[in-house]
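Q: For reference, this is query_17.txt, and it has compact mmCIF, C-alpha atoms.
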# COMPACT_ATOMS: atom_id res chain seq x y z
CA GLN A 172 -87.24 -211.08 -81.47
CA VAL A 173 -84.72 -208.88 -79.68
CA PRO A 174 -81.29 -210.54 -79.49
CA MET A 175 -79.84 -211.67 -76.19
CA GLY A 176 -77.61 -209.18 -74.47
CA MET A 177 -76.66 -207.76 -71.11
CA LEU A 178 -78.61 -206.04 -68.37
CA HIS A 179 -76.31 -203.55 -66.65
CA THR A 180 -77.71 -202.94 -63.20
CA LEU A 181 -76.73 -200.24 -60.72
CA VAL A 182 -78.35 -200.87 -57.33
CA MET A 183 -78.30 -197.45 -55.72
CA SER A 184 -80.25 -197.55 -52.45
CA GLY A 185 -83.22 -198.59 -50.37
CA ARG A 186 -85.61 -196.33 -48.47
CA ASP A 187 -87.93 -196.79 -45.52
CA LEU A 188 -87.45 -200.56 -45.30
CA LYS A 189 -89.34 -202.43 -42.58
CA ASN A 190 -87.28 -203.37 -39.53
CA ARG A 191 -87.25 -207.16 -39.06
CA ASP A 192 -84.98 -207.29 -35.99
CA LEU A 193 -86.25 -207.41 -32.41
CA ILE A 194 -83.17 -205.60 -31.13
CA GLY A 195 -81.46 -202.93 -33.23
CA LYS A 196 -82.06 -202.39 -36.93
CA SER A 197 -82.08 -204.77 -39.86
CA SER A 198 -79.03 -205.48 -42.03
CA PRO A 199 -80.53 -205.57 -45.54
CA TYR A 200 -79.12 -207.00 -48.75
CA LEU A 201 -80.67 -207.71 -52.14
CA GLU A 202 -80.78 -210.75 -54.39
CA LEU A 203 -81.14 -210.09 -58.12
CA GLU A 204 -82.35 -213.01 -60.22
CA LEU A 205 -82.48 -213.23 -64.00
CA ASN A 206 -82.66 -216.50 -65.96
CA ALA A 207 -81.61 -218.63 -62.95
CA THR A 208 -78.57 -216.42 -62.23
CA ILE A 209 -78.66 -214.98 -58.71
CA LEU A 210 -76.38 -212.15 -57.61
CA LYS A 211 -76.27 -210.51 -54.17
CA THR A 212 -75.43 -207.02 -52.98
CA SER A 213 -73.30 -206.50 -49.90
CA ARG A 214 -75.04 -206.43 -46.52
CA LYS A 215 -75.56 -202.98 -44.96
CA SER A 216 -75.60 -203.35 -41.19
CA GLY A 217 -78.04 -201.53 -38.93
CA THR A 218 -79.93 -199.39 -41.45
CA LEU A 219 -83.38 -199.16 -42.99
CA ASP A 220 -82.10 -196.72 -45.66
CA PRO A 221 -79.14 -198.64 -47.15
CA VAL A 222 -76.87 -197.15 -49.82
CA TRP A 223 -75.26 -199.78 -52.05
CA ASN A 224 -74.11 -198.12 -55.30
CA GLU A 225 -73.16 -201.58 -56.59
CA SER A 226 -73.04 -202.61 -60.26
CA PHE A 227 -73.93 -206.00 -61.72
CA GLU A 228 -74.19 -207.46 -65.20
CA LEU A 229 -76.71 -210.17 -66.03
CA ARG A 230 -77.01 -211.97 -69.37
CA THR A 231 -80.47 -211.72 -70.89
CA GLN A 232 -82.26 -214.08 -73.26
CA GLY A 233 -84.08 -211.10 -74.76
CA LYS A 234 -86.43 -208.39 -73.61
CA ASP A 235 -89.10 -210.91 -72.54
CA ASP A 236 -87.11 -211.54 -69.36
CA ILE A 237 -88.13 -210.39 -65.89
CA LEU A 238 -85.61 -209.23 -63.28
CA ALA A 239 -86.70 -210.44 -59.82
CA ILE A 240 -85.44 -208.51 -56.77
CA ARG A 241 -85.73 -209.81 -53.22
CA CYS A 242 -84.75 -207.88 -50.09
CA TRP A 243 -83.50 -209.83 -47.08
CA ASP A 244 -82.46 -209.03 -43.51
CA HIS A 245 -79.26 -210.86 -42.62
CA ASP A 246 -79.42 -212.62 -39.27
CA ILE A 247 -76.38 -213.93 -37.40
CA ILE A 248 -78.44 -216.86 -36.12
CA GLY A 249 -81.04 -218.52 -38.30
CA SER A 250 -82.32 -217.83 -41.77
CA PRO A 251 -82.54 -214.36 -43.30
CA ASP A 252 -85.87 -212.56 -42.85
CA ASP A 253 -87.96 -211.55 -45.87
CA MET A 254 -88.17 -207.77 -46.31
CA GLY A 255 -90.22 -207.81 -49.52
CA SER A 256 -89.73 -208.26 -53.24
CA THR A 257 -90.34 -206.56 -56.56
CA SER A 258 -89.61 -207.12 -60.24
CA VAL A 259 -88.93 -205.32 -63.51
CA ASP A 260 -90.29 -206.51 -66.85
CA LEU A 261 -87.49 -205.84 -69.34
CA LYS A 262 -90.03 -205.18 -72.11
CA GLY A 263 -90.24 -201.63 -70.76
CA LEU A 264 -86.53 -200.96 -71.32
CA ARG A 265 -85.24 -199.14 -74.38
CA ALA A 266 -81.93 -200.54 -75.61
CA TRP A 267 -78.88 -198.37 -74.93
CA GLN A 268 -80.83 -195.91 -72.73
CA ALA A 269 -80.33 -196.05 -68.97
CA GLN A 270 -83.55 -195.83 -66.99
CA ASP A 271 -83.95 -195.08 -63.28
CA TYR A 272 -86.51 -196.96 -61.21
CA VAL A 273 -87.98 -196.52 -57.74
CA LEU A 274 -89.47 -199.95 -57.06
CA PRO A 275 -91.89 -200.40 -54.14
CA LEU A 276 -91.31 -203.59 -52.18
CA LYS A 277 -94.32 -205.92 -52.00
CA GLY A 278 -95.29 -208.87 -49.86
CA GLU A 279 -96.25 -209.44 -46.24
CA HIS A 280 -93.18 -207.58 -44.94
CA GLY A 281 -92.58 -205.36 -47.94
CA THR A 282 -92.46 -201.66 -47.18
CA GLY A 283 -90.25 -198.97 -48.63
CA SER A 284 -88.58 -199.02 -52.00
CA ILE A 285 -85.42 -199.85 -53.93
CA GLN A 286 -83.77 -197.36 -56.31
CA MET A 287 -81.98 -198.82 -59.34
CA ARG A 288 -80.66 -197.84 -62.75
CA LEU A 289 -80.97 -200.37 -65.59
CA LEU A 290 -79.34 -200.37 -69.01
CA TYR A 291 -80.17 -203.05 -71.58
CA THR A 292 -77.54 -203.60 -74.28
CA TYR A 293 -77.24 -206.20 -76.99
CA CYS A 294 -74.84 -207.10 -79.71
CA ASP A 295 -75.39 -208.15 -83.29
CA PHE A 296 -72.74 -210.84 -83.22
CA SER A 297 -72.79 -214.34 -81.74
CA ASP A 298 -70.44 -213.82 -78.77
CA CYS A 299 -71.61 -210.98 -76.52
CA SER A 300 -68.83 -211.58 -74.00
CA LYS A 301 -66.34 -209.70 -76.23
CA GLY A 302 -66.53 -206.12 -77.36
CA LEU A 303 -68.93 -204.65 -74.77
CA LEU A 304 -67.91 -201.81 -72.50
CA SER A 305 -69.99 -200.84 -69.49
CA VAL A 306 -69.57 -197.37 -67.96
CA ASP A 307 -71.52 -196.28 -64.89
CA VAL A 308 -71.58 -192.55 -64.20
CA VAL A 309 -72.59 -192.50 -60.56
CA ARG A 310 -72.03 -188.96 -59.32
CA ALA A 311 -70.63 -185.55 -60.15
CA SER A 312 -69.68 -182.89 -57.64
CA GLY A 313 -68.40 -179.33 -57.61
CA LEU A 314 -70.08 -178.41 -60.89
CA ASP A 315 -70.58 -174.74 -61.68
CA ASN A 316 -74.10 -173.49 -62.36
CA LYS A 317 -74.06 -172.23 -65.97
CA GLU A 318 -77.65 -170.93 -66.03
CA TRP A 319 -78.66 -167.30 -65.43
CA ILE A 320 -82.02 -168.36 -64.00
CA GLY A 321 -82.60 -171.66 -62.27
CA LYS A 322 -80.19 -174.59 -62.06
CA SER A 323 -78.06 -176.33 -64.67
CA ASP A 324 -79.07 -179.73 -66.02
CA PRO A 325 -75.63 -181.36 -66.39
CA PHE A 326 -74.89 -184.50 -68.37
CA ALA A 327 -71.85 -186.58 -69.26
CA VAL A 328 -70.67 -187.46 -72.75
CA ILE A 329 -68.85 -190.77 -73.11
CA LYS A 330 -66.73 -191.17 -76.27
CA LEU A 331 -65.07 -194.31 -77.59
CA GLY A 332 -63.58 -194.04 -81.05
CA LYS A 333 -66.27 -192.56 -83.29
CA GLN A 334 -69.12 -193.58 -80.95
CA GLU A 335 -70.59 -191.06 -78.54
CA ARG A 336 -73.25 -191.53 -75.85
CA GLN A 337 -74.82 -188.91 -73.61
CA THR A 338 -76.20 -189.65 -70.14
As structure tokens, how would this structure be written, given the file I've shared?
A:
Amino acid sequence: QVPMGMLHTLVMSGRDLKNRDLIGKSSPYLELELNATILKTSRKSGTLDPVWNESFELRTQGKDDILAIRCWDHDIIGSPDDMGSTSVDLKGLRAWQAQDYVLPLKGEHGTGSIQMRLLYTYCDFSDCSKGLLSVDVVRASGLDNKEWIGKSDPFAVIKLGKQERQT
């Protein structure tokens, strides 16, 4: 049994979402649900290709959990419109290794996809709320190409005390 821990989630973007508005474009947002905890991204007005770059942390019961993701169109009047849903089975995650996902939206109105980065961490002590540090490396710019042929494959090294992690 894998110990409980944290799911560090970076919601990056959506692509080619289905327009649910009669006039103008949809204003999508996501709901992330894990073990009855629901968190929401901000609403991105008038776009079918939203960019969120928002980070969330969700407590896991173990790697048997499933992260449910629902996409909604915010409406000023009435209930939000369903734009599709998807999920991630955490069994596929390797602890301490960030993994990128492009998740197709499913359902009657589900078109397009959601891009996310997930990192599953756990601790070997009883209180996981202390002693964990989450670092999201979102972007780098202005890097020099260090290869003679082709392009560089840059990475970041995060150091804390004697521990070192590479992206």
Q: Give me the residues within 10 Å of Pro275 of chain A as a ChimeraX atom specification, counting all atoms listed in the file and dropping any in the same chain fewer than 5 places off.
A: /A:185-186,188,255-258,281-286
Q: Excluding Asp244 of chain A and its own-chain neighbours fewer than 3 positions away, which residues fall within 7 Å of it when counting only C-alpha atoms? Please give them as an mmCIF file with C-alpha atoms, in the coordinates of the input.
A:
data_model
loop_
_atom_site.group_PDB
_atom_site.id
_atom_site.type_symbol
_atom_site.label_atom_id
_atom_site.label_comp_id
_atom_site.auth_asym_id
_atom_site.auth_seq_id
_atom_site.Cartn_x
_atom_site.Cartn_y
_atom_site.Cartn_z
ATOM 1 C CA ARG A 191 -87.250 -207.160 -39.060
ATOM 2 C CA SER A 197 -82.080 -204.770 -39.860
ATOM 3 C CA SER A 198 -79.030 -205.480 -42.030
ATOM 4 C CA PRO A 199 -80.530 -205.570 -45.540
ATOM 5 C CA TYR A 200 -79.120 -207.000 -48.750
ATOM 6 C CA PRO A 251 -82.540 -214.360 -43.300
ATOM 7 C CA ASP A 252 -85.870 -212.560 -42.850
ATOM 8 C CA ASP A 253 -87.960 -211.550 -45.870
ATOM 9 C CA MET A 254 -88.170 -207.770 -46.310
#
Q: Let me make sure I understand: among A:Gln337, A:Val306, A:Cys242, A:Leu205, which one has the smallest atom-to-atom distance to Lys277 of chain A if we use all atoms listed in the file?
A: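 Result for the nearest residue to Lys277 of chain A: A:Cys242.
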Q: Counting only C-alpha atoms, which residue out of A:Ile248, A:Asp236, A:Met183, A:Asn206 sits closest to Val222 of chain A?
A: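 Of the candidates, the smallest distance to Val222 of chain A is held by A:Met183.
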Q: For the point (-81.2, -199.2, -74.4) in file coordinates, what residues are within 9 Å, counting all atoms listed in the file? Give the answer as a list in words?
A: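 The answer, in the requested form, is Leu264, Arg265, Ala266, Trp267, Gln268, Ala269, Gln270, Leu289, Leu290, Tyr291, Thr292 and Tyr293 of chain A.
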Q: Hey, can you check how far atom CA of Ser323 of chain A sits from atom CA of Val182 of chain A?
A: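 Separation of atom CA of Ser323 of chain A and atom CA of Val182 of chain A: 25.6 Å.
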Q: Using only C-alpha atoms, which of the listed residues (A:Leu201, A:Leu210, A:Val309, A:Ile320) sits closest to Leu276 of chain A?
A: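 That would be A:Leu201, the residue with the smallest distance to Leu276 of chain A.
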Q: Looking at A:Gly263, A:Gly195, A:Gly249, A:Pro325, which one is nearest to Ser312 of chain A, with distances taken over all atoms listed in the file?
A: A:Pro325
Q: For Thr338 of chain A, which of A:Glu279, A:Ile240, A:Asp271, A:Met287 is the closest residue, counting all atoms listed in the file?
A: A:Asp271
Q: Pick the closest to Lys196 of chain A from A:Thr208, A:Thr231, A:Ser184, A:Ser216: which is it, counting all atoms listed in the file?
A: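 Smallest separation from Lys196 of chain A among the options: A:Ser216.
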Q: State, in Å with one decimal place, the distance from atom CA of Glu335 of chain A to atom CA of Asp307 of chain A.
A: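 Calculated distance between atom CA of Glu335 of chain A and atom CA of Asp307 of chain A is 14.6 Å.
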Q: Suppose you want the space between atom CA of Glu228 of chain A and atom CA of Trp243 of chain A; what is it in Å?
A: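 About the pair atom CA of Glu228 of chain A and atom CA of Trp243 of chain A: they are 20.5 Å apart.
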Q: Will you model N, CA and C atoms for segment 247-273 of chain A and pass it back as an mmCIF file, in the coordinates of the input?
A:
data_model
loop_
_atom_site.group_PDB
_atom_site.id
_atom_site.type_symbol
_atom_site.label_atom_id
_atom_site.label_comp_id
_atom_site.auth_asym_id
_atom_site.auth_seq_id
_atom_site.Cartn_x
_atom_site.Cartn_y
_atom_site.Cartn_z
ATOM 1 N N ILE A 247 -77.562 -213.163 -37.815
ATOM 2 C CA ILE A 247 -76.380 -213.930 -37.400
ATOM 3 C C ILE A 247 -76.779 -215.362 -37.091
ATOM 4 N N ILE A 248 -77.927 -215.523 -36.451
ATOM 5 C CA ILE A 248 -78.440 -216.860 -36.120
ATOM 6 C C ILE A 248 -79.724 -217.076 -36.898
ATOM 7 N N GLY A 249 -79.816 -218.194 -37.575
ATOM 8 C CA GLY A 249 -81.040 -218.520 -38.300
ATOM 9 C C GLY A 249 -81.028 -218.028 -39.730
ATOM 10 N N SER A 250 -82.157 -218.199 -40.369
ATOM 11 C CA SER A 250 -82.320 -217.830 -41.770
ATOM 12 C C SER A 250 -82.565 -216.331 -41.913
ATOM 13 N N PRO A 251 -82.239 -215.777 -43.078
ATOM 14 C CA PRO A 251 -82.540 -214.360 -43.300
ATOM 15 C C PRO A 251 -84.052 -214.114 -43.306
ATOM 16 N N ASP A 252 -84.453 -212.928 -42.892
ATOM 17 C CA ASP A 252 -85.870 -212.560 -42.850
ATOM 18 C C ASP A 252 -86.260 -211.848 -44.140
ATOM 19 N N ASP A 253 -87.418 -212.177 -44.668
ATOM 20 C CA ASP A 253 -87.960 -211.550 -45.870
ATOM 21 C C ASP A 253 -88.310 -210.098 -45.574
ATOM 22 N N MET A 254 -87.845 -209.180 -46.440
ATOM 23 C CA MET A 254 -88.170 -207.770 -46.310
ATOM 24 C C MET A 254 -88.981 -207.259 -47.503
ATOM 25 N N GLY A 255 -89.406 -208.186 -48.378
ATOM 26 C CA GLY A 255 -90.220 -207.810 -49.520
ATOM 27 C C GLY A 255 -89.522 -208.114 -50.837
ATOM 28 N N SER A 256 -90.274 -207.987 -51.910
ATOM 29 C CA SER A 256 -89.730 -208.260 -53.240
ATOM 30 C C SER A 256 -90.405 -207.373 -54.276
ATOM 31 N N THR A 257 -89.805 -207.321 -55.442
ATOM 32 C CA THR A 257 -90.340 -206.560 -56.560
ATOM 33 C C THR A 257 -89.751 -207.142 -57.836
ATOM 34 N N SER A 258 -90.161 -206.623 -58.974
ATOM 35 C CA SER A 258 -89.610 -207.120 -60.240
ATOM 36 C C SER A 258 -89.694 -206.023 -61.306
ATOM 37 N N VAL A 259 -88.913 -206.226 -62.370
ATOM 38 C CA VAL A 259 -88.930 -205.320 -63.510
ATOM 39 C C VAL A 259 -89.066 -206.157 -64.772
ATOM 40 N N ASP A 260 -90.093 -205.870 -65.557
ATOM 41 C CA ASP A 260 -90.290 -206.510 -66.850
ATOM 42 C C ASP A 260 -89.403 -205.781 -67.854
ATOM 43 N N LEU A 261 -88.461 -206.486 -68.456
ATOM 44 C CA LEU A 261 -87.490 -205.840 -69.340
ATOM 45 C C LEU A 261 -88.114 -205.328 -70.638
ATOM 46 N N LYS A 262 -89.368 -205.696 -70.908
ATOM 47 C CA LYS A 262 -90.030 -205.180 -72.110
ATOM 48 C C LYS A 262 -90.112 -203.655 -72.079
ATOM 49 N N GLY A 263 -90.135 -203.077 -70.894
ATOM 50 C CA GLY A 263 -90.240 -201.630 -70.760
ATOM 51 C C GLY A 263 -88.935 -200.889 -70.982
ATOM 52 N N LEU A 264 -87.827 -201.612 -71.134
ATOM 53 C CA LEU A 264 -86.530 -200.960 -71.320
ATOM 54 C C LEU A 264 -86.272 -200.648 -72.782
ATOM 55 N N ARG A 265 -85.692 -199.487 -73.034
ATOM 56 C CA ARG A 265 -85.240 -199.140 -74.380
ATOM 57 C C ARG A 265 -83.741 -199.443 -74.446
ATOM 58 N N ALA A 266 -83.333 -200.159 -75.469
ATOM 59 C CA ALA A 266 -81.930 -200.540 -75.610
ATOM 60 C C ALA A 266 -81.037 -199.297 -75.646
ATOM 61 N N TRP A 267 -79.911 -199.386 -74.945
ATOM 62 C CA TRP A 267 -78.880 -198.370 -74.930
ATOM 63 C C TRP A 267 -79.302 -197.078 -74.223
ATOM 64 N N GLN A 268 -80.413 -197.091 -73.479
ATOM 65 C CA GLN A 268 -80.830 -195.910 -72.730
ATOM 66 C C GLN A 268 -81.036 -196.302 -71.260
ATOM 67 N N ALA A 269 -80.209 -195.760 -70.402
ATOM 68 C CA ALA A 269 -80.330 -196.050 -68.970
ATOM 69 C C ALA A 269 -81.641 -195.491 -68.445
ATOM 70 N N GLN A 270 -82.296 -196.268 -67.590
ATOM 71 C CA GLN A 270 -83.550 -195.830 -66.990
ATOM 72 C C GLN A 270 -83.478 -196.027 -65.482
ATOM 73 N N ASP A 271 -83.908 -195.009 -64.740
ATOM 74 C CA ASP A 271 -83.950 -195.080 -63.280
ATOM 75 C C ASP A 271 -85.308 -195.595 -62.828
ATOM 76 N N TYR A 272 -85.290 -196.396 -61.774
ATOM 77 C CA TYR A 272 -86.510 -196.960 -61.210
ATOM 78 C C TYR A 272 -86.533 -196.759 -59.711
ATOM 79 N N VAL A 273 -87.705 -196.452 -59.177
ATOM 80 C CA VAL A 273 -87.980 -196.520 -57.740
ATOM 81 C C VAL A 273 -89.032 -197.615 -57.617
#
